[in-house]
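So this one's start.cif, mmCIF, C-alpha atoms:
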data_run
#
loop_
_atom_site.label_atom_id
_atom_site.label_comp_id
_atom_site.auth_asym_id
_atom_site.auth_seq_id
_atom_site.Cartn_x
_atom_site.Cartn_y
_atom_site.Cartn_z
CA MET H 1 -72.06 59.98 -0.43
CA SER H 2 -68.87 60.98 1.39
CA VAL H 3 -68.56 60.93 5.17
CA THR H 4 -67.99 64.70 5.18
CA ARG H 5 -71.23 65.29 3.25
CA GLN H 6 -73.14 63.01 5.63
CA ILE H 7 -71.80 64.90 8.64
CA GLY H 8 -72.71 68.20 7.00
CA ARG H 9 -76.27 67.07 6.30
CA ALA H 10 -76.68 65.76 9.85
CA CYS H 11 -75.43 69.03 11.32
CA ASP H 12 -77.71 71.01 9.04
CA LYS H 13 -80.71 69.00 10.26
CA VAL H 14 -79.80 69.84 13.85
CA VAL H 15 -79.45 73.53 13.00
CA VAL H 16 -82.82 73.50 11.22
CA GLN H 17 -84.48 72.07 14.33
CA ILE H 18 -82.83 74.69 16.55
CA VAL H 19 -83.96 77.45 14.20
CA ARG H 20 -87.51 76.08 14.23
CA LEU H 21 -87.63 76.03 18.04
CA LEU H 22 -86.20 79.54 18.32
CA ALA H 23 -88.64 80.83 15.71
CA LEU H 24 -91.55 79.34 17.67
CA SER H 25 -90.27 80.99 20.86
CA HIS H 26 -90.46 84.41 19.13
CA VAL H 27 -87.00 85.37 20.38
CA HIS H 28 -85.63 88.34 18.45
CA PRO H 29 -82.64 87.55 16.17
CA ASN H 30 -80.68 90.49 17.62
CA VAL H 31 -81.02 88.90 21.06
CA LEU H 32 -79.46 85.72 19.70
CA THR H 33 -76.63 87.77 18.24
CA PHE H 34 -76.00 89.44 21.57
CA VAL H 35 -76.11 86.13 23.46
CA GLY H 36 -73.47 84.82 21.07
CA LEU H 37 -71.27 87.78 22.02
CA LEU H 38 -71.68 87.05 25.74
CA ILE H 39 -70.73 83.41 25.20
CA ASN H 40 -67.64 84.43 23.25
CA LEU H 41 -66.64 86.77 26.06
CA LEU H 42 -66.92 83.80 28.43
CA ALA H 43 -64.63 81.87 26.08
CA ALA H 44 -62.23 84.83 26.15
CA TYR H 45 -62.12 84.56 29.94
CA PHE H 46 -61.20 80.87 29.74
CA LEU H 47 -58.52 81.67 27.15
CA SER H 48 -57.06 84.31 29.45
CA MET H 49 -56.82 81.68 32.20
CA GLY H 50 -55.11 79.18 29.90
CA ARG H 51 -58.07 76.79 29.96
CA PHE H 52 -57.97 76.27 26.22
CA ARG H 53 -60.07 73.11 25.88
CA THR H 54 -62.91 74.62 27.92
CA ALA H 55 -62.65 77.76 25.81
CA GLY H 56 -62.87 75.67 22.63
CA LEU H 57 -66.12 74.08 23.77
CA VAL H 58 -67.55 77.49 24.69
CA ILE H 59 -66.56 78.91 21.28
CA LEU H 60 -68.41 75.99 19.71
CA GLY H 61 -71.52 76.97 21.66
CA ALA H 62 -71.19 80.58 20.54
CA ALA H 63 -70.81 79.42 16.92
CA ILE H 64 -74.25 77.82 17.10
CA PHE H 65 -75.81 81.19 17.91
CA ASP H 66 -73.78 82.75 15.12
CA MET H 67 -75.19 80.20 12.67
CA VAL H 68 -78.83 80.48 13.69
CA ASP H 69 -79.43 84.22 14.21
CA GLY H 70 -79.57 84.98 10.49
CA ARG H 71 -81.71 81.92 9.77
CA VAL H 72 -84.14 82.84 12.54
CA ALA H 73 -84.37 86.36 11.09
CA ARG H 74 -85.26 84.96 7.65
CA THR H 75 -87.66 82.36 9.05
CA THR H 76 -89.56 84.91 11.14
CA ASN H 77 -89.40 87.62 8.45
CA ARG H 78 -87.32 89.90 10.67
CA VAL H 79 -84.48 90.64 8.28
CA THR H 80 -83.56 94.31 8.64
CA ARG H 81 -80.71 96.58 7.62
CA PHE H 82 -79.97 97.31 11.26
CA GLY H 83 -79.88 93.59 12.04
CA ALA H 84 -77.17 93.04 9.44
CA PHE H 85 -75.23 96.02 10.78
CA PHE H 86 -75.62 94.89 14.40
CA ASP H 87 -74.50 91.36 13.54
CA SER H 88 -71.36 92.69 11.86
CA VAL H 89 -70.47 94.95 14.80
CA VAL H 90 -71.01 92.16 17.33
CA ASP H 91 -68.88 89.79 15.23
CA ARG H 92 -65.97 92.23 15.46
CA TYR H 93 -66.32 92.48 19.25
CA SER H 94 -66.49 88.69 19.50
CA ASP H 95 -63.36 88.21 17.39
CA LEU H 96 -61.35 90.82 19.27
CA GLY H 97 -62.63 89.58 22.62
CA LEU H 98 -61.28 86.08 21.97
CA LEU H 99 -57.92 87.42 20.85
CA MET H 100 -57.81 89.79 23.82
CA GLY H 101 -58.16 86.72 26.04
CA LEU H 102 -55.11 85.22 24.34
CA LEU H 103 -53.19 88.48 24.78
CA VAL H 104 -53.89 88.43 28.52
CA TYR H 105 -52.83 84.79 28.78
CA TYR H 106 -49.55 85.18 26.91
CA ALA H 107 -48.74 88.37 28.83
CA SER H 108 -49.40 86.58 32.13
CA ILE H 109 -46.85 83.86 31.30
CA ASN H 110 -44.32 86.36 29.89
CA ARG H 111 -44.43 85.08 26.29
CA PHE H 112 -43.72 88.40 24.61
CA PHE H 113 -43.34 86.91 21.13
CA TYR H 114 -46.83 85.42 21.25
CA VAL H 115 -48.25 88.67 22.54
CA VAL H 116 -46.91 90.31 19.37
CA LEU H 117 -48.13 87.43 17.19
CA THR H 118 -51.62 87.69 18.68
CA ALA H 119 -51.58 91.43 18.01
CA VAL H 120 -50.70 90.73 14.37
CA VAL H 121 -53.65 88.31 14.20
CA MET H 122 -55.93 90.98 15.70
CA THR H 123 -54.79 93.43 13.04
CA ALA H 124 -55.41 90.91 10.27
CA ALA H 125 -58.88 90.07 11.63
CA VAL H 126 -59.88 93.74 11.62
CA MET H 127 -58.33 94.52 8.24
CA VAL H 128 -59.88 91.52 6.46
CA SER H 129 -63.32 92.84 7.40
CA TYR H 130 -62.43 96.50 6.82
CA THR H 131 -60.96 96.01 3.35
CA ARG H 132 -64.09 94.22 2.18
CA ALA H 133 -66.44 96.81 3.70
CA ARG H 134 -64.44 99.72 2.28
CA ALA H 135 -63.92 98.08 -1.10
CA GLU H 136 -67.64 97.45 -1.55
CA ASN H 137 -68.20 101.20 -1.35
CA VAL H 138 -66.39 101.55 -4.67
CA ILE H 139 -66.85 98.15 -6.38
CA PRO H 140 -69.82 95.75 -6.37
CA GLN H 141 -68.18 92.90 -4.42
CA CYS H 142 -64.92 92.01 -2.73
CA LYS H 143 -65.23 88.44 -1.47
CA VAL H 144 -61.81 87.27 -2.59
CA GLY H 145 -59.37 85.70 -0.17
CA PHE H 146 -59.58 82.73 2.14
CA MET H 147 -59.21 83.80 5.77
CA GLU H 148 -62.67 85.20 6.53
CA ARG H 149 -64.38 85.05 9.91
CA PRO H 150 -65.77 81.47 9.73
CA GLU H 151 -62.32 80.11 8.89
CA ARG H 152 -60.73 82.10 11.72
CA ILE H 153 -63.29 80.88 14.27
CA VAL H 154 -62.90 77.25 13.19
CA LEU H 155 -59.12 77.53 13.45
CA LEU H 156 -59.30 79.13 16.91
CA MET H 157 -61.66 76.36 17.99
CA ILE H 158 -59.26 73.70 16.70
CA GLY H 159 -56.29 75.41 18.31
CA ALA H 160 -58.08 75.54 21.66
CA LEU H 161 -59.50 72.02 21.62
CA PHE H 162 -56.27 70.35 20.51
CA ASP H 163 -53.88 72.73 22.33
CA ARG H 164 -52.27 73.89 19.09
CA MET H 165 -52.95 77.59 19.47
CA ALA H 166 -49.46 78.74 18.52
CA ALA H 167 -49.63 76.99 15.13
CA VAL H 168 -53.15 78.33 14.55
CA LEU H 169 -52.04 81.90 15.27
CA TRP H 170 -49.27 81.58 12.69
CA VAL H 171 -51.73 80.33 10.07
CA ILE H 172 -54.22 83.14 10.72
CA ALA H 173 -51.48 85.78 10.82
CA VAL H 174 -50.03 84.74 7.46
CA LEU H 175 -53.21 83.89 5.55
CA GLY H 176 -55.15 86.76 7.10
CA ASN H 177 -52.68 89.37 5.90
CA LEU H 178 -52.42 87.66 2.51
CA THR H 179 -56.20 87.95 2.27
CA VAL H 180 -55.92 91.70 2.94
CA ILE H 181 -53.29 92.05 0.21
CA HIS H 182 -55.42 90.00 -2.17
CA ARG H 183 -58.41 92.26 -1.55
CA VAL H 184 -56.37 95.41 -2.07
CA ILE H 185 -55.07 94.11 -5.41
CA HIS H 186 -58.54 92.93 -6.47
CA THR H 187 -60.05 96.32 -5.64
CA TRP H 188 -57.29 98.10 -7.54
CA GLN H 189 -57.93 95.95 -10.61
CA GLU H 190 -61.70 96.41 -10.42
CA THR H 191 -61.50 100.19 -9.96
CA ARG H 192 -59.21 100.43 -13.00
CA ARG H 193 -61.69 98.38 -15.02
CA LEU H 194 -64.69 100.47 -13.89
CA GLU H 195 -62.92 103.77 -14.51
CA ALA H 196 -61.90 102.62 -17.99
CA ALA H 197 -65.49 101.56 -18.73
CA GLN H 198 -66.78 104.97 -17.67
CA LEU H 199 -64.36 106.67 -20.03
CA GLY H 200 -65.30 104.31 -22.86
CA ARG H 201 -61.84 102.75 -23.08
CA PRO H 202 -60.97 99.03 -23.10
CA ALA H 203 -60.33 97.72 -19.61
CA PRO H 204 -56.61 97.78 -18.80
CA THR H 205 -54.96 94.39 -18.71
CA VAL H 206 -52.86 93.35 -15.76
CA SER H 207 -49.42 92.10 -16.66
CA VAL H 208 -47.94 88.96 -15.19
CA ALA H 209 -45.56 91.11 -13.13
CA GLU H 210 -48.51 92.95 -11.59
CA GLN H 211 -50.43 89.84 -10.61
CA ARG H 212 -50.25 88.36 -7.14
CA PRO H 213 -51.02 84.78 -6.07
CA ALA H 214 -54.36 84.01 -4.45
CA THR H 215 -54.44 83.03 -0.80
CA ARG H 216 -54.98 79.35 -1.53
#
Would you write out, as structure tokens, the structure that this file holds?
Amino acid sequence: MSVTRQIGRACDKVVVQIVRLLALSHVHPNVLTFVGLLINLLAAYFLSMGRFRTAGLVILGAAIFDMVDGRVARTTNRVTRFGAFFDSVVDRYSDLGLLMGLLVYYASINRFFYVVLTAVVMTAAVMVSYTRARAENVIPQCKVGFMERPERIVLLMIGALFDRMAAVLWVIAVLGNLTVIHRVIHTWQETRRLEAAQLGRPAPTVSVAEQRPATR
């Protein structure tokens, strides 16, 4: 068994114990979701003050709540449509709150370029989520692409803890927007296939010139 797999199993055991304790306490999953938002806003404050390593630790604490709220909902049989909607909305506020903290910090030290770069990352973060949500109104699934929320949070955590935020912002900006492009192309291909199937025609093939590389 690899070291990575051992670490993953150990972490999962810890999460299971936390979920069990929270389930026994009868705390509502939506409360856990909201607490995670508050912790992320605290991390945003530390980012705005340039205290990156402290912010990284706080983001790690918020990630624990983000991991357990859904599990607690399933364990306590409290899975609801509103809960899924609420979790998604709070995730967007958490993401933008963290990036807003970085905007404030870079503006306070007159780093205009990084203000713009952070704004590009904010746009990518919103559009990655939006393209999937909008696409799944017209096609069954749109989970293609690499830079989803868990990857972005892990990268922000790494950037904060190891003081490599500039490099992390570049990675998210590039891969995030490539993920958006990938999802647009995937949705276009799927809608063509579905429309052809409805009309009883063979699904149109995509030429090599029309294809785009995946994000990884």
Could you give me, as JSON lines, every stretch 61-161 of chain H residue with an atom at most 10 Å from stretch 34-54 of chain H, plus its closest atom pair and distance in Å to one decimal, counting all atoms listed in the file, rows ordered by chain then number?
{"residue": "H:Gly61", "atom": "CA", "partner": "H:Ile39", "partner_atom": "CA", "distance": 7.4}
{"residue": "H:Ala62", "atom": "CA", "partner": "H:Gly36", "partner_atom": "CA", "distance": 4.8}
{"residue": "H:Ala63", "atom": "CA", "partner": "H:Gly36", "partner_atom": "CA", "distance": 7.3}
{"residue": "H:Ile64", "atom": "CA", "partner": "H:Gly36", "partner_atom": "CA", "distance": 8.1}
{"residue": "H:Phe65", "atom": "CA", "partner": "H:Gly36", "partner_atom": "CA", "distance": 5.4}
{"residue": "H:Asp66", "atom": "CA", "partner": "H:Gly36", "partner_atom": "CA", "distance": 6.3}
{"residue": "H:Met67", "atom": "CA", "partner": "H:Gly36", "partner_atom": "CA", "distance": 9.7}
{"residue": "H:Asp69", "atom": "CA", "partner": "H:Gly36", "partner_atom": "CA", "distance": 9.1}
{"residue": "H:Phe86", "atom": "CA", "partner": "H:Phe34", "partner_atom": "CA", "distance": 9.0}
{"residue": "H:Asp87", "atom": "CA", "partner": "H:Phe34", "partner_atom": "CA", "distance": 8.4}
{"residue": "H:Val90", "atom": "CA", "partner": "H:Leu37", "partner_atom": "CA", "distance": 6.4}
{"residue": "H:Asp91", "atom": "CA", "partner": "H:Leu37", "partner_atom": "CA", "distance": 7.5}
{"residue": "H:Arg92", "atom": "CA", "partner": "H:Leu37", "partner_atom": "CA", "distance": 9.5}
{"residue": "H:Tyr93", "atom": "CA", "partner": "H:Leu37", "partner_atom": "CA", "distance": 7.4}
{"residue": "H:Ser94", "atom": "CA", "partner": "H:Leu37", "partner_atom": "CA", "distance": 5.5}
{"residue": "H:Asp95", "atom": "CA", "partner": "H:Asn40", "partner_atom": "CA", "distance": 8.2}
{"residue": "H:Leu96", "atom": "CA", "partner": "H:Ala44", "partner_atom": "CA", "distance": 9.2}
{"residue": "H:Gly97", "atom": "CA", "partner": "H:Ala44", "partner_atom": "CA", "distance": 5.9}
{"residue": "H:Leu98", "atom": "CA", "partner": "H:Ala44", "partner_atom": "CA", "distance": 4.5}
{"residue": "H:Leu99", "atom": "CA", "partner": "H:Ala44", "partner_atom": "CA", "distance": 7.3}
{"residue": "H:Met100", "atom": "CA", "partner": "H:Ala44", "partner_atom": "CA", "distance": 7.0}
{"residue": "H:Gly101", "atom": "CA", "partner": "H:Ser48", "partner_atom": "CA", "distance": 4.3}
{"residue": "H:Leu102", "atom": "CA", "partner": "H:Ser48", "partner_atom": "CA", "distance": 5.5}
{"residue": "H:Leu103", "atom": "CA", "partner": "H:Ser48", "partner_atom": "CA", "distance": 7.4}
{"residue": "H:Val104", "atom": "CA", "partner": "H:Ser48", "partner_atom": "CA", "distance": 5.3}
{"residue": "H:Tyr105", "atom": "CA", "partner": "H:Ser48", "partner_atom": "CA", "distance": 4.3}
{"residue": "H:Tyr106", "atom": "CA", "partner": "H:Ser48", "partner_atom": "CA", "distance": 8.0}
{"residue": "H:Ala107", "atom": "CA", "partner": "H:Ser48", "partner_atom": "CA", "distance": 9.3}
{"residue": "H:Ser108", "atom": "CA", "partner": "H:Ser48", "partner_atom": "CA", "distance": 8.4}
{"residue": "H:Ile109", "atom": "CA", "partner": "H:Gly50", "partner_atom": "CA", "distance": 9.6}
{"residue": "H:Leu156", "atom": "CA", "partner": "H:Phe52", "partner_atom": "CA", "distance": 9.8}
{"residue": "H:Met157", "atom": "CA", "partner": "H:Arg53", "partner_atom": "CA", "distance": 8.7}
{"residue": "H:Ile158", "atom": "CA", "partner": "H:Arg53", "partner_atom": "CA", "distance": 9.2}
{"residue": "H:Gly159", "atom": "CA", "partner": "H:Phe52", "partner_atom": "CA", "distance": 8.1}
{"residue": "H:Ala160", "atom": "CA", "partner": "H:Phe52", "partner_atom": "CA", "distance": 4.6}
{"residue": "H:Leu161", "atom": "CA", "partner": "H:Arg53", "partner_atom": "CA", "distance": 4.4}
File dump, residues just selected, C-alpha atoms, as an mmCIF file, keeping the file's coordinate frame:
data_model
loop_
_atom_site.group_PDB
_atom_site.id
_atom_site.type_symbol
_atom_site.label_atom_id
_atom_site.label_comp_id
_atom_site.auth_asym_id
_atom_site.auth_seq_id
_atom_site.Cartn_x
_atom_site.Cartn_y
_atom_site.Cartn_z
ATOM 1 C CA GLY H 61 -71.520 76.970 21.660
ATOM 2 C CA ALA H 62 -71.190 80.580 20.540
ATOM 3 C CA ALA H 63 -70.810 79.420 16.920
ATOM 4 C CA ILE H 64 -74.250 77.820 17.100
ATOM 5 C CA PHE H 65 -75.810 81.190 17.910
ATOM 6 C CA ASP H 66 -73.780 82.750 15.120
ATOM 7 C CA MET H 67 -75.190 80.200 12.670
ATOM 8 C CA ASP H 69 -79.430 84.220 14.210
ATOM 9 C CA PHE H 86 -75.620 94.890 14.400
ATOM 10 C CA ASP H 87 -74.500 91.360 13.540
ATOM 11 C CA VAL H 90 -71.010 92.160 17.330
ATOM 12 C CA ASP H 91 -68.880 89.790 15.230
ATOM 13 C CA ARG H 92 -65.970 92.230 15.460
ATOM 14 C CA TYR H 93 -66.320 92.480 19.250
ATOM 15 C CA SER H 94 -66.490 88.690 19.500
ATOM 16 C CA ASP H 95 -63.360 88.210 17.390
ATOM 17 C CA LEU H 96 -61.350 90.820 19.270
ATOM 18 C CA GLY H 97 -62.630 89.580 22.620
ATOM 19 C CA LEU H 98 -61.280 86.080 21.970
ATOM 20 C CA LEU H 99 -57.920 87.420 20.850
ATOM 21 C CA MET H 100 -57.810 89.790 23.820
ATOM 22 C CA GLY H 101 -58.160 86.720 26.040
ATOM 23 C CA LEU H 102 -55.110 85.220 24.340
ATOM 24 C CA LEU H 103 -53.190 88.480 24.780
ATOM 25 C CA VAL H 104 -53.890 88.430 28.520
ATOM 26 C CA TYR H 105 -52.830 84.790 28.780
ATOM 27 C CA TYR H 106 -49.550 85.180 26.910
ATOM 28 C CA ALA H 107 -48.740 88.370 28.830
ATOM 29 C CA SER H 108 -49.400 86.580 32.130
ATOM 30 C CA ILE H 109 -46.850 83.860 31.300
ATOM 31 C CA LEU H 156 -59.300 79.130 16.910
ATOM 32 C CA MET H 157 -61.660 76.360 17.990
ATOM 33 C CA ILE H 158 -59.260 73.700 16.700
ATOM 34 C CA GLY H 159 -56.290 75.410 18.310
ATOM 35 C CA ALA H 160 -58.080 75.540 21.660
ATOM 36 C CA LEU H 161 -59.500 72.020 21.620
#
Query raised in the report: Counting only C-alpha atoms, which residues come within 12 Å of (-62.4, 94.5, 7.8), with the point read in the file's coordinates, and could you list them as a count of residues only?
Result: 31
Report task. In Å, rounded to a single decimal, give me how far atom CA of H:Ala119 is from atom CA of H:Leu169. Result ->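 Interatomic distance here is 9.9 Å.
The coordinates place atom CA of H:Leu32 at 19.6 Å from atom CA of H:Gly56.
Residue nearest H:Val121, chosen from H:Leu21, H:Val144, H:Val171, H:Ile139 and counting only C-alpha atoms: H:Val171.
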Report task. Would you mind telling me which residue in H:Ile172, H:Ala197, H:Val115, H:Val16 lies nearest to H:Arg71 when using all atoms listed in the file? Result ->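 Closest candidate: H:Val16.
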Requested in this report: May I ask for the distance between atom CA of H:Val154 and atom CA of H:Ala55, given in Å to one decimal place?
Outcome: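 Calculated distance between atom CA of H:Val154 and atom CA of H:Ala55 is 12.6 Å.
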Query raised in the report: Given the choices H:Leu117, H:Val138, H:Leu199, H:Leu194, which gets closest to H:Ala173 if the distance is worked out from only C-alpha atoms?
Result: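 Once distances to H:Ala173 are computed over only C-alpha atoms, the minimum belongs to H:Leu117.
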**Report entry** Using only C-alpha atoms: which of H:His28, H:Phe113, H:Asn137, H:Phe162 has the shortest distance to H:Thr191
**Finding:**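 Selected residue with least distance to H:Thr191: H:Asn137.
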Report task. Check the smallest atom-to-atom distance from each of H:Val174, H:Val72, H:Val120, H:Leu155 to H:Val27 using all atoms listed in the file, then report the winner. Result -> H:Val72
Requested in this report: Find the residue from H:Leu57, H:Ser25, H:Gln198, H:His182 that sits nearest to H:Gly145; use all atoms listed in the file when measuring.
Outcome: H:His182
